[in-house]
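Beneath this line is the structure, given in structure tokens, with notes to follow.
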Amino acid sequence: MSQADLSVEMRPGLVGKRVKRTEDPRLLSGNGQYVDDIKLPNTAHVAILRSDQPHALIRDIRVDHAMDVPGLIAIFEAADLEGEVRPAIPSSRIKGYYATPYWPLARGKVRYVGEPVLAVVAESRYAAEDALALIEVDYEPLPFAIRQVDAVADDAPLIHEEAGTNIIIAREFGRGEVDAVFETAPVRVGAQFRMTRKTATSMENRCYLADYDRRRMAVTLWTSSNIPGIVKDALADSLSLPGARLRVIAPDVGGSFGGKGSLYHEEMLVCALARKLERPVKFTGDRLEELTASSQAFDELIDAELAVDEEGRFLALRAEVIGDIGAYSIYPWTAGLEPVQVVSFLPGPYRIEHYRGRVRGVLTPKPPTGPYRGVGRPSSTFAMERLVDMAARKLGMDAAEIRRRNLIDGEEFPYRTGSGIIWDKSAFMECLEAACAHLDYPALLERQKKAREQGRWIGIGLSCYAELTGIGSRIAVAPGMPINTGTETGTITIDSTGSVIGAFGIASHGQGLETTLAQIIADELGCALEDIEIRQGDSSLVPMSTGTYASRSAVIAGGVAIKTARVVKTKVLRAASILMDVPVEDLDASGGIIRARSSNAAMTFKELANAVYMQMGRIPHDKREDLTGSESYDPYLGTACSSCHVAVVEVDPETYGVRVTDYVVAEDCGRIINPMIVDGQVHGAVAQGIGAALLEEIHYDDEGQLVTASLADYLLPLATDVPDIGIVHIEADLPNNVGGFRGMGEGGTIGAPAAIANAISDALSPLGIEIQTLPATPDRLFRLVEQSRATHLQKGQ
Amino acid sequence: MSGKIDISVTVNGASYNRSVEPRMLLSDFLRHELGLTGTHVGCEHGVCGACTILLDGRSARSCLTLAVQVDGQEIETVEGQGSREELGRVQTAFRDHHGLQCGFCTPGFIMTITDMLHHHPLESDEQIRDALSGNICRCTGYQHIVNAVRELAKERGPLQ
């Protein structure tokens with residue numbers, strides 16, 4: 001295809017409309033079904049004894065007292081599952097990488113506080129926890145380095161001795177003469193940037209229920225996962241089960257944001273135990289377990305430097321990054337996922353000829369880093385956008401103007417960045433201009449000037465970025481990962497009653513994909529929206545599936561929905577042509593009715609389905625075909641989704657609290673399927689970005705203990721922390737994929753921390769403060785201000 | 001744990017007599033004993049508000065309440081606010097304004113808002129956001145929920 005296919009847009013339809021979600025009635029009335037809501041007879045419940053040591057050998061386990069607890073069924077340690085479960089190996093094609101094996105329970109050694117050690121199985125969770133409290137584990141503590149700067153040292157204690165090093169992954173990207181350009185560059189800015197460790201924190205904790213069917217020797221796992229297909233493939237290998245005897249279902253899932261997007265110990269565990277005990281086994285995680293034993297994110301030390309000429313043009317960029325990847329390389333994405341993407345996306349949406357980014361991923365005794373909304377790019381955008389503002393300040397140039405001079409534009413697309421990412425044409429510049437116009441940027445600067453005269457700390461911050469979405473099979477979404485994440489299969493079936501069933505490999509967990517895919521199918525097939533049921537989140541629906549992550553579902557599942565609907569429509573019209581005695585070319589379908597263009601002849605999909613399937617002889621036997629289609633779609637390349645965010649903040653000089661007063665996002669997500677859902681995604685992602693900028697921080701103390709282990713310590717944004725967010729949708733040139741969609745679920749989280757950090761730096765610029773660490777908590781800001789005042793005082797003396 | 005205690009409660013207008021362990025959380029009682037899984041549990045330490053119910057008409061955290069404490073009291077949960085076929089007013093406003101995404105925190109919000117509509121002025125966005133600040137939503141960024149409540153408050157008029 002040479003250009004985006006606009007045929008859907010040519011006739012009025014549901015795509016582009018604010019269609020109310022089909023998921024809502026069940027979720028609003030308490031009829032949603034999340035994993036913990038599923039009740040199977042005779043279910044056994046697991047409580048997990050987790051390590052309270054960051055790095056230690058397991059010397060002795062004493063369970064005697066626990067055995068008398070009423071309702072206890074059994075207690076399992078790793079040795080009890082030996083030979084029954086194989087480890088999951090997160091392999092990668094990256095040279096020199098070491099894949100840490102991933103087991104259901106710790107084997108002889110623990111590597112972070114929260115790592116599963118024992119599975120206590122009982123008739124109820126209450127009884128399981130009673131027994132758990134009576135178990136004693138003797139550990140022999142081992143030395144460890146809890147901070148990445150110490151863990152990279154040659155003599156640092158090793159987390160995985162077999163690896164021979166803590167640095168299990170390293171990459172370098174680049175082009176040009178970076179160091180030479182820096183030598184002669186008129187302006188250089190640089191600093192060490194860090195977004196501290198955080199975690200996804202969906203409102204539903206992780207939950208798993210496995211059932212064993214003795215008759216078929218088959219396992220069914222209900223999981224709060226957004227990658228049921230990947231989990232199925234991993235478990236098939238781990239449990240040595242053929243796929244036909246393994247089904248993984250993600251029913252209603254209470255959010256993920258990446259936190260439920262990896263294989264977890266407990267998923268392997270409940271399946272192995274259900275098979276062993278021949279009864280259903282359930283694990284319901286609590287918030288403490290969620291915070292101590294789910295994947296975490298960010299936590300890179302980014303030493304970055306930007307070289308600029310006198311006119312503000314970017315000449316070269318270089319960075320050294322150390323990513324704290326925790327104690328394991330996460331399955332299946334690997335330890336490269338988060339830190340490697342920091343260096344591959346650091347150049348952002350800018351024209352930068354000379355670039356070098358080096359990254360090392362280092363093991364520390366913490367839960368592994370894994371996918372979190374935006375992956376790598378919140379940190380890379382934070383570092384880059386801070387450098388841009390620092391350069392502007394040094395040059396005395398306006399923040400919007402310096403970006404205008406460097407954004408890739410017009411004929412420069414498709415543009416290959418210094419790290420090899422290819423940006424297809426997207427509205428980089430238009431987003432900047434639209435965001436500034438929306439907030440009346442010149443008036444805003446005027447307002448700020450007046451506020452400053454009154455001594456108020458008000459700041460304006462911009463951030464521009466682009467992300468790669470809807471990535472096809474050319475590259476895996478995680479660097480070097482050998483799993484194909486670029487293909488999606490769709491099946492559409494019209495059954496004998498006229499129901500239209502669309503089945504996909506994606507796994508919606510709040511995105512409203514049941515609605516958006518139905519909108520697409522209704523338009524393409526011409527059936528009625530209410531006749532469509534979208535099935536997803538179930539590994540048995542399609543031959544191979546992965547799930548919903550990496551801003552892929554609207555692009556790839558949307559694309560395959562269009563392709564498949566077209567195939568089925570052809571069959572519908574062929575059958576209708578025979579039934580109505582009208583040539584196919586004279587027929588069209590919309591709203592559930594097939595009509596002849598040149599006469600009043602019409603029939604419903606229901607009548608058609610009845611005639612095709614039930615009424616013998618209506619269609620000659622050699623012409624009859626099922627009203628079904630199954631296609632696959634692979635966009636091969638990815639498509640850029642770009643945005644500009646502008647934030648206005650006020651810092652309270654008494655409390656050092658930061659209030660975000662104004663916020664606007666201008667974004668280009670291609671053709672919009674449902675503007676209401678797009679707005680909701682932007683709002684939610686920006687709120688998470690505000691959390692990352694101001695509130696959320698996973699903090700391990702020097703003893704390796706998590707000190708932010710409740711929602712009273714790990715602070716999530718509340719309704720009072722988030723302002724109304726203005727959104728400008730820019731639909732510029734549509735991307736070259738089926739449907740013209742760009743993925744947009746992650747962007748807000750990428751742009752917001754940088755915009756807010758720039759706004760705070762701007763607010764405090766009279767004190768010469770540049771934000772380098774997020775979240776910018778009152779404590780951090782207080783210290784920065786005190787430091788700055790002390791320096792000024794010294795200079796004054 | 002032995003020594004079960006008999007309790008009698010009214011939930012969404014229906015009465016239930018059950019014998020429960022003194023330590024059983026009200027959230028677990030509703031979900032596992034009565035099968036009313038619309039009430040969700042997000043943190044079990046009273047911060048997130050997903051488990052919010054109405055206890056004698058006022059919002060309460062069912063994860064911080066023991067089932068034995070509510071003996072003789074009246075409870076309302078999300079299931080009592082409307083059905084799948086006929087959503088209640090707050091539920092409909094949520095749907096119209098896209099006030100939910102994954103839906104997990106939603107029942108708690110619906111119960112909080114039901115209480116607030118009876119007892120809180122909700123005359124400005126600031127008051128609305130303040131009223132919502134005891135419930136955490138990780139998906140929506142709150143704006144669409146605020147829009148829904150604004151409409152509901154307008155419809156209600158000044159607090160009587």
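Scheme for the structure tokens: letters A, B, ... for chains in order shown; per-chain residue numbers from 1; ligand numbers from 1 in order shown.
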- Message: I'd like to know which residues of segment 487-602 of chain A are alpha helix (DSSP H) (by DSSP, run on the backbone); could you write them as a ChimeraX atom specification?
- Response: /A:513-525,558-580
Produce a file of the selected residues containing N, CA and C atoms, as an mmCIF file, in the first residue's frame.
```
data_model
loop_
_atom_site.group_PDB
_atom_site.id
_atom_site.type_symbol
_atom_site.label_atom_id
_atom_site.label_comp_id
_atom_site.auth_asym_id
_atom_site.auth_seq_id
_atom_site.Cartn_x
_atom_site.Cartn_y
_atom_site.Cartn_z
ATOM 1 N N LEU A 513 -10.985 -1.609 24.272
ATOM 2 C CA LEU A 513 -10.773 -2.193 22.941
ATOM 3 C C LEU A 513 -11.983 -2.976 22.447
ATOM 4 N N GLU A 514 -12.821 -3.459 23.369
ATOM 5 C CA GLU A 514 -14.042 -4.135 22.914
ATOM 6 C C GLU A 514 -14.922 -3.152 22.146
ATOM 7 N N THR A 515 -14.881 -1.896 22.575
ATOM 8 C CA THR A 515 -15.684 -0.868 21.904
ATOM 9 C C THR A 515 -15.031 -0.422 20.602
ATOM 10 N N THR A 516 -13.742 -0.092 20.672
ATOM 11 C CA THR A 516 -13.110 0.480 19.477
ATOM 12 C C THR A 516 -13.015 -0.537 18.343
ATOM 13 N N LEU A 517 -12.730 -1.803 18.678
ATOM 14 C CA LEU A 517 -12.667 -2.805 17.614
ATOM 15 C C LEU A 517 -14.062 -3.050 17.032
ATOM 16 N N ALA A 518 -15.105 -2.963 17.880
ATOM 17 C CA ALA A 518 -16.470 -3.121 17.375
ATOM 18 C C ALA A 518 -16.828 -1.954 16.455
ATOM 19 N N GLN A 519 -16.367 -0.752 16.803
ATOM 20 C CA GLN A 519 -16.618 0.403 15.924
ATOM 21 C C GLN A 519 -16.025 0.155 14.535
ATOM 22 N N ILE A 520 -14.802 -0.342 14.537
ATOM 23 C CA ILE A 520 -14.105 -0.588 13.267
ATOM 24 C C ILE A 520 -14.843 -1.660 12.461
ATOM 25 N N ILE A 521 -15.223 -2.740 13.132
ATOM 26 C CA ILE A 521 -15.888 -3.842 12.423
ATOM 27 C C ILE A 521 -17.257 -3.397 11.910
ATOM 28 N N ALA A 522 -17.990 -2.643 12.731
ATOM 29 C CA ALA A 522 -19.310 -2.167 12.297
ATOM 30 C C ALA A 522 -19.177 -1.358 11.005
ATOM 31 N N ASP A 523 -18.164 -0.505 10.956
ATOM 32 C CA ASP A 523 -17.975 0.310 9.761
ATOM 33 C C ASP A 523 -17.559 -0.519 8.557
ATOM 34 N N GLU A 524 -16.634 -1.417 8.759
ATOM 35 C CA GLU A 524 -16.080 -2.168 7.629
ATOM 36 C C GLU A 524 -17.029 -3.238 7.118
ATOM 37 N N LEU A 525 -17.697 -3.917 8.053
ATOM 38 C CA LEU A 525 -18.557 -5.035 7.679
ATOM 39 C C LEU A 525 -19.969 -4.557 7.359
ATOM 40 N N GLY A 558 -6.505 -3.156 15.286
ATOM 41 C CA GLY A 558 -7.391 -2.344 14.445
ATOM 42 C C GLY A 558 -7.170 -2.666 12.980
ATOM 43 N N GLY A 559 -5.913 -2.806 12.603
ATOM 44 C CA GLY A 559 -5.582 -3.138 11.216
ATOM 45 C C GLY A 559 -6.106 -4.498 10.808
ATOM 46 N N VAL A 560 -5.930 -5.481 11.669
ATOM 47 C CA VAL A 560 -6.395 -6.826 11.307
ATOM 48 C C VAL A 560 -7.921 -6.889 11.348
ATOM 49 N N ALA A 561 -8.553 -6.075 12.186
ATOM 50 C CA ALA A 561 -10.024 -6.031 12.203
ATOM 51 C C ALA A 561 -10.537 -5.544 10.850
ATOM 52 N N ILE A 562 -9.863 -4.534 10.303
ATOM 53 C CA ILE A 562 -10.270 -4.011 8.993
ATOM 54 C C ILE A 562 -10.076 -5.081 7.916
ATOM 55 N N LYS A 563 -8.893 -5.691 7.916
ATOM 56 C CA LYS A 563 -8.604 -6.713 6.887
ATOM 57 C C LYS A 563 -9.603 -7.861 6.949
ATOM 58 N N THR A 564 -9.872 -8.344 8.160
ATOM 59 C CA THR A 564 -10.742 -9.508 8.307
ATOM 60 C C THR A 564 -12.184 -9.149 7.970
ATOM 61 N N ALA A 565 -12.614 -7.970 8.427
ATOM 62 C CA ALA A 565 -13.990 -7.556 8.141
ATOM 63 C C ALA A 565 -14.226 -7.470 6.631
ATOM 64 N N ARG A 566 -13.207 -7.039 5.910
ATOM 65 C CA ARG A 566 -13.355 -6.940 4.444
ATOM 66 C C ARG A 566 -13.554 -8.321 3.818
ATOM 67 N N VAL A 567 -12.826 -9.289 4.339
ATOM 68 C CA VAL A 567 -12.968 -10.660 3.816
ATOM 69 C C VAL A 567 -14.379 -11.179 4.082
ATOM 70 N N VAL A 568 -14.862 -10.952 5.287
ATOM 71 C CA VAL A 568 -16.196 -11.449 5.639
ATOM 72 C C VAL A 568 -17.261 -10.699 4.862
ATOM 73 N N LYS A 569 -17.034 -9.412 4.674
ATOM 74 C CA LYS A 569 -18.032 -8.631 3.935
ATOM 75 C C LYS A 569 -18.187 -9.147 2.502
ATOM 76 N N THR A 570 -17.080 -9.506 1.897
ATOM 77 C CA THR A 570 -17.144 -10.064 0.551
ATOM 78 C C THR A 570 -18.049 -11.292 0.525
ATOM 79 N N LYS A 571 -17.910 -12.132 1.552
ATOM 80 C CA LYS A 571 -18.740 -13.340 1.622
ATOM 81 C C LYS A 571 -20.207 -12.984 1.878
ATOM 82 N N VAL A 572 -20.427 -11.988 2.729
ATOM 83 C CA VAL A 572 -21.794 -11.537 3.025
ATOM 84 C C VAL A 572 -22.468 -11.068 1.737
ATOM 85 N N LEU A 573 -21.743 -10.245 0.996
ATOM 86 C CA LEU A 573 -22.351 -9.682 -0.217
ATOM 87 C C LEU A 573 -22.546 -10.754 -1.296
ATOM 88 N N ARG A 574 -21.621 -11.719 -1.351
ATOM 89 C CA ARG A 574 -21.774 -12.825 -2.312
ATOM 90 C C ARG A 574 -23.044 -13.619 -2.011
ATOM 91 N N ALA A 575 -23.252 -13.921 -0.729
ATOM 92 C CA ALA A 575 -24.446 -14.673 -0.344
ATOM 93 C C ALA A 575 -25.699 -13.836 -0.596
ATOM 94 N N ALA A 576 -25.626 -12.545 -0.246
ATOM 95 C CA ALA A 576 -26.784 -11.663 -0.422
ATOM 96 C C ALA A 576 -27.134 -11.539 -1.896
ATOM 97 N N SER A 577 -26.115 -11.530 -2.719
ATOM 98 C CA SER A 577 -26.343 -11.410 -4.164
ATOM 99 C C SER A 577 -27.201 -12.571 -4.672
ATOM 100 N N ILE A 578 -26.908 -13.763 -4.178
ATOM 101 C CA ILE A 578 -27.695 -14.935 -4.576
ATOM 102 C C ILE A 578 -29.107 -14.855 -3.985
ATOM 103 N N LEU A 579 -29.157 -14.518 -2.692
ATOM 104 C CA LEU A 579 -30.456 -14.501 -1.997
ATOM 105 C C LEU A 579 -31.377 -13.399 -2.521
ATOM 106 N N MET A 580 -30.789 -12.258 -2.863
ATOM 107 C CA MET A 580 -31.607 -11.112 -3.289
ATOM 108 C C MET A 580 -31.694 -11.004 -4.803
#
```
- List the neighbours of Leu288 of chain A out to 9 Å using only C-alpha atoms; skip same-chain residues closer than 5 positions along the sequence, and give me the result as a list in words. Ala293, Ala709, Ser710 and Leu711 of chain A; Cys43 of chain B
Using only N, CA, C and O atoms, please write the residues we just selected to a file, as an mmCIF file, in the first residue's frame.
```cif
data_model
loop_
_atom_site.group_PDB
_atom_site.id
_atom_site.type_symbol
_atom_site.label_atom_id
_atom_site.label_comp_id
_atom_site.auth_asym_id
_atom_site.auth_seq_id
_atom_site.Cartn_x
_atom_site.Cartn_y
_atom_site.Cartn_z
ATOM 1 N N ALA A 293 6.837 -6.957 45.120
ATOM 2 C CA ALA A 293 7.157 -8.105 44.267
ATOM 3 C C ALA A 293 6.551 -8.027 42.871
ATOM 4 O O ALA A 293 6.425 -9.042 42.188
ATOM 5 N N ALA A 709 6.263 0.954 51.255
ATOM 6 C CA ALA A 709 5.581 -0.318 51.006
ATOM 7 C C ALA A 709 4.075 -0.272 51.248
ATOM 8 O O ALA A 709 3.444 -1.299 51.426
ATOM 9 N N SER A 710 3.499 0.931 51.266
ATOM 10 C CA SER A 710 2.037 1.026 51.338
ATOM 11 C C SER A 710 1.617 2.226 50.505
ATOM 12 O O SER A 710 2.463 3.055 50.130
ATOM 13 N N LEU A 711 0.324 2.345 50.254
ATOM 14 C CA LEU A 711 -0.140 3.493 49.470
ATOM 15 C C LEU A 711 -0.165 4.776 50.302
ATOM 16 O O LEU A 711 -0.449 5.846 49.782
ATOM 17 N N CYS B 43 -6.286 -2.123 48.450
ATOM 18 C CA CYS B 43 -5.081 -1.943 49.267
ATOM 19 C C CYS B 43 -5.188 -2.569 50.651
ATOM 20 O O CYS B 43 -4.178 -2.824 51.275
#
```
- Message: So that I can see what lies close to segment 16-32 of chain B, please list as a VMD selection string the residues with an atom at most 8 Å from it, counting only C-alpha atoms and leaving out residues fewer than 4 positions away in the same chain.
- Response: (chain A and resid 37) or (chain B and resid 1 to 11 36 to 41 51 62 to 68)
- Task: Compare A:Ser540, A:Thr720, A:Ser508, A:Asn42 by their minimum atom-to-atom distance to chain B, counting only C-alpha atoms, and give me the closest one.
- Result: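 Distance minimum relative to chain B lands on A:Thr720.
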- Using only C-alpha atoms, find which residues of chain A lie within 6 Å of chain B and jot them down as a list in words.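 Written out as asked, the residues are Pro25, Arg26, Leu27, Leu28, Ser29, Gly30, Asp37, Met203, Glu204, Gly254, Gly255, Arg287, His509, Gly510, Gly680, His683, Gly684, Ala687, Leu718, Ala719 and Thr720 of chain A.
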For the residues selected in the previous step, produce a file with N, CA, C and O atoms as a PDB file, in the first residue's frame.
```pdb
ATOM      1  N   PRO A  25     -21.629  -1.163  30.940  1.00  0.00           N
ATOM      2  CA  PRO A  25     -22.747  -1.639  31.774  1.00  0.00           C
ATOM      3  C   PRO A  25     -22.336  -2.740  32.747  1.00  0.00           C
ATOM      4  O   PRO A  25     -22.722  -2.719  33.918  1.00  0.00           O
ATOM      5  N   ARG A  26     -21.498  -3.687  32.303  1.00  0.00           N
ATOM      6  CA  ARG A  26     -21.120  -4.751  33.234  1.00  0.00           C
ATOM      7  C   ARG A  26     -20.203  -4.234  34.347  1.00  0.00           C
ATOM      8  O   ARG A  26     -20.359  -4.610  35.506  1.00  0.00           O
ATOM      9  N   LEU A  27     -19.280  -3.352  33.962  1.00  0.00           N
ATOM     10  CA  LEU A  27     -18.328  -2.863  34.961  1.00  0.00           C
ATOM     11  C   LEU A  27     -18.994  -1.915  35.963  1.00  0.00           C
ATOM     12  O   LEU A  27     -18.646  -1.888  37.133  1.00  0.00           O
ATOM     13  N   LEU A  28     -19.969  -1.140  35.507  1.00  0.00           N
ATOM     14  CA  LEU A  28     -20.624  -0.161  36.384  1.00  0.00           C
ATOM     15  C   LEU A  28     -21.619  -0.791  37.338  1.00  0.00           C
ATOM     16  O   LEU A  28     -21.922  -0.232  38.382  1.00  0.00           O
ATOM     17  N   SER A  29     -22.154  -1.935  36.969  1.00  0.00           N
ATOM     18  CA  SER A  29     -23.213  -2.537  37.786  1.00  0.00           C
ATOM     19  C   SER A  29     -22.664  -3.609  38.720  1.00  0.00           C
ATOM     20  O   SER A  29     -23.429  -4.321  39.358  1.00  0.00           O
ATOM     21  N   GLY A  30     -21.348  -3.714  38.782  1.00  0.00           N
ATOM     22  CA  GLY A  30     -20.769  -4.728  39.660  1.00  0.00           C
ATOM     23  C   GLY A  30     -20.759  -6.111  39.037  1.00  0.00           C
ATOM     24  O   GLY A  30     -20.562  -7.111  39.724  1.00  0.00           O
ATOM     25  N   ASP A  37     -12.823 -12.485  41.415  1.00  0.00           N
ATOM     26  CA  ASP A  37     -14.282 -12.657  41.470  1.00  0.00           C
ATOM     27  C   ASP A  37     -14.693 -14.063  41.044  1.00  0.00           C
ATOM     28  O   ASP A  37     -15.856 -14.455  41.230  1.00  0.00           O
ATOM     29  N   MET A 203      -4.902  -0.527  40.127  1.00  0.00           N
ATOM     30  CA  MET A 203      -5.736  -0.609  41.334  1.00  0.00           C
ATOM     31  C   MET A 203      -6.060  -2.056  41.706  1.00  0.00           C
ATOM     32  O   MET A 203      -6.239  -2.385  42.874  1.00  0.00           O
ATOM     33  N   GLU A 204      -6.152  -2.934  40.719  1.00  0.00           N
ATOM     34  CA  GLU A 204      -6.310  -4.353  41.028  1.00  0.00           C
ATOM     35  C   GLU A 204      -4.926  -4.941  41.252  1.00  0.00           C
ATOM     36  O   GLU A 204      -4.051  -4.808  40.402  1.00  0.00           O
ATOM     37  N   GLY A 254      -8.018  -5.220  36.032  1.00  0.00           N
ATOM     38  CA  GLY A 254      -8.104  -3.903  36.658  1.00  0.00           C
ATOM     39  C   GLY A 254      -6.872  -3.051  36.476  1.00  0.00           C
ATOM     40  O   GLY A 254      -6.218  -2.667  37.446  1.00  0.00           O
ATOM     41  N   GLY A 255      -6.546  -2.760  35.228  1.00  0.00           N
ATOM     42  CA  GLY A 255      -5.395  -1.919  34.923  1.00  0.00           C
ATOM     43  C   GLY A 255      -4.106  -2.712  34.958  1.00  0.00           C
ATOM     44  O   GLY A 255      -4.026  -3.794  35.541  1.00  0.00           O
ATOM     45  N   ARG A 287      -1.638  -5.497  48.515  1.00  0.00           N
ATOM     46  CA  ARG A 287      -0.905  -4.310  48.074  1.00  0.00           C
ATOM     47  C   ARG A 287       0.566  -4.355  48.472  1.00  0.00           C
ATOM     48  O   ARG A 287       1.432  -3.888  47.725  1.00  0.00           O
ATOM     49  N   HIS A 509      -7.245  -4.040  29.070  1.00  0.00           N
ATOM     50  CA  HIS A 509      -7.322  -3.964  30.530  1.00  0.00           C
ATOM     51  C   HIS A 509      -7.662  -2.542  30.947  1.00  0.00           C
ATOM     52  O   HIS A 509      -7.070  -1.981  31.847  1.00  0.00           O
ATOM     53  N   GLY A 510      -8.631  -1.983  30.249  1.00  0.00           N
ATOM     54  CA  GLY A 510      -9.097  -0.635  30.553  1.00  0.00           C
ATOM     55  C   GLY A 510      -9.153   0.278  29.337  1.00  0.00           C
ATOM     56  O   GLY A 510      -9.742   1.342  29.375  1.00  0.00           O
ATOM     57  N   GLY A 680      -9.489  10.118  27.347  1.00  0.00           N
ATOM     58  CA  GLY A 680      -9.340   9.409  28.622  1.00  0.00           C
ATOM     59  C   GLY A 680      -7.936   8.848  28.782  1.00  0.00           C
ATOM     60  O   GLY A 680      -7.351   8.885  29.869  1.00  0.00           O
ATOM     61  N   HIS A 683      -5.608  11.883  29.533  1.00  0.00           N
ATOM     62  CA  HIS A 683      -5.770  12.351  30.917  1.00  0.00           C
ATOM     63  C   HIS A 683      -5.075  11.408  31.901  1.00  0.00           C
ATOM     64  O   HIS A 683      -4.350  11.840  32.794  1.00  0.00           O
ATOM     65  N   GLY A 684      -5.351  10.117  31.737  1.00  0.00           N
ATOM     66  CA  GLY A 684      -4.828   9.129  32.677  1.00  0.00           C
ATOM     67  C   GLY A 684      -3.318   9.039  32.630  1.00  0.00           C
ATOM     68  O   GLY A 684      -2.657   8.917  33.663  1.00  0.00           O
ATOM     69  N   ALA A 687      -1.790  12.105  34.234  1.00  0.00           N
ATOM     70  CA  ALA A 687      -1.880  11.986  35.698  1.00  0.00           C
ATOM     71  C   ALA A 687      -0.747  11.105  36.215  1.00  0.00           C
ATOM     72  O   ALA A 687      -0.121  11.416  37.237  1.00  0.00           O
ATOM     73  N   LEU A 718      -3.964  12.100  43.380  1.00  0.00           N
ATOM     74  CA  LEU A 718      -5.388  12.145  43.720  1.00  0.00           C
ATOM     75  C   LEU A 718      -6.083  13.170  42.823  1.00  0.00           C
ATOM     76  O   LEU A 718      -5.417  13.935  42.119  1.00  0.00           O
ATOM     77  N   ALA A 719      -7.401  13.212  42.942  1.00  0.00           N
ATOM     78  CA  ALA A 719      -8.173  14.168  42.118  1.00  0.00           C
ATOM     79  C   ALA A 719      -7.715  15.602  42.368  1.00  0.00           C
ATOM     80  O   ALA A 719      -7.792  16.454  41.478  1.00  0.00           O
ATOM     81  N   THR A 720      -7.209  15.850  43.573  1.00  0.00           N
ATOM     82  CA  THR A 720      -6.772  17.206  43.921  1.00  0.00           C
ATOM     83  C   THR A 720      -5.357  17.521  43.423  1.00  0.00           C
ATOM     84  O   THR A 720      -4.905  18.657  43.516  1.00  0.00           O
TER      85      THR A 720
END
```
- Message: Let's see if you can do this: from backbone DSSP, list all strand (DSSP E or B) residues in chain B, as an NGL selection string.
- Response: :B and (5-11 or 14-20 or 25 or 52-55 or 58-61 or 66 or 74-76)
- Considering only C-alpha atoms, state which residue in the set A:Asp440, A:Glu338, A:Glu585, A:Glu654 is at the smallest distance from Ile460 of chain A.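 Checking each candidate against Ile460 of chain A, we get A:Asp440 as the closest.
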- Message: Residues near Gly743 of chain A, anyone? I mean within 9 Å using only C-alpha atoms, not counting same-chain ones fewer than 5 positions away, as a list in words.
- Response: Glu467, Leu468, Thr469, Gly470, Ala550, Ser551, Arg552, Ser553, Ala554, Val555, Thr639, Ala640, Cys641, Cys669 and Gly670 of chain A
Atoms kept (C-alpha atoms) for selection, written as a PDB file, in the first residue's frame:
```
ATOM      1  CA  GLU A 467       7.384   7.434  20.401  1.00  0.00           C
ATOM      2  CA  LEU A 468       7.366   4.421  18.159  1.00  0.00           C
ATOM      3  CA  THR A 469       4.000   2.657  18.238  1.00  0.00           C
ATOM      4  CA  GLY A 470       2.247  -0.197  16.489  1.00  0.00           C
ATOM      5  CA  ALA A 550       3.637  -1.093  23.614  1.00  0.00           C
ATOM      6  CA  SER A 551       0.807   0.982  22.105  1.00  0.00           C
ATOM      7  CA  ARG A 552       0.143  -1.759  19.597  1.00  0.00           C
ATOM      8  CA  SER A 553      -3.503  -2.763  19.923  1.00  0.00           C
ATOM      9  CA  ALA A 554      -5.358   0.020  18.088  1.00  0.00           C
ATOM     10  CA  VAL A 555      -2.780  -0.069  15.290  1.00  0.00           C
ATOM     11  CA  THR A 639       4.696   4.545  13.320  1.00  0.00           C
ATOM     12  CA  ALA A 640       5.609   7.699  15.220  1.00  0.00           C
ATOM     13  CA  CYS A 641       3.158   9.205  17.635  1.00  0.00           C
ATOM     14  CA  CYS A 669      -2.262   9.943  17.017  1.00  0.00           C
ATOM     15  CA  GLY A 670      -3.327   9.598  13.410  1.00  0.00           C
TER      16      GLY A 670
END
```
- Message: Show me, as a ChimeraX atom specification, the residues that have an atom within 9 Å of Val359 of chain A when counting only C-alpha atoms, minus same-chain residues fewer than 3 positions from it.
- Response: /A:169-173,302,319-323,339-340,342-343
Find the spatial neighbours of segment 152-160 of chain B, counting only C-alpha atoms, within a cut-off of 7 Å - ignore same-chain residues fewer than 6 positions away - and output them as a PDB file with N, CA and C atoms, in the first residue's frame.
```
ATOM      1  N   LEU B 117     -23.289  13.254  47.122  1.00  0.00           N
ATOM      2  CA  LEU B 117     -24.437  13.964  46.541  1.00  0.00           C
ATOM      3  C   LEU B 117     -25.484  14.272  47.607  1.00  0.00           C
ATOM      4  N   PRO B 121     -21.613  19.907  49.379  1.00  0.00           N
ATOM      5  CA  PRO B 121     -22.139  20.936  48.469  1.00  0.00           C
ATOM      6  C   PRO B 121     -21.790  20.714  46.987  1.00  0.00           C
ATOM      7  N   LEU B 122     -20.557  20.305  46.665  1.00  0.00           N
ATOM      8  CA  LEU B 122     -20.142  20.020  45.284  1.00  0.00           C
ATOM      9  C   LEU B 122     -20.468  21.173  44.333  1.00  0.00           C
TER      10      LEU B 122
END
```
- Message: Show me, as a VMD selection string, the residues that have an atom within 12 Å of Val707 of chain A when counting only C-alpha atoms, minus same-chain residues fewer than 3 positions from it.
- Response: chain A and resid 113 288 291 to 292 697 to 704 710 to 714
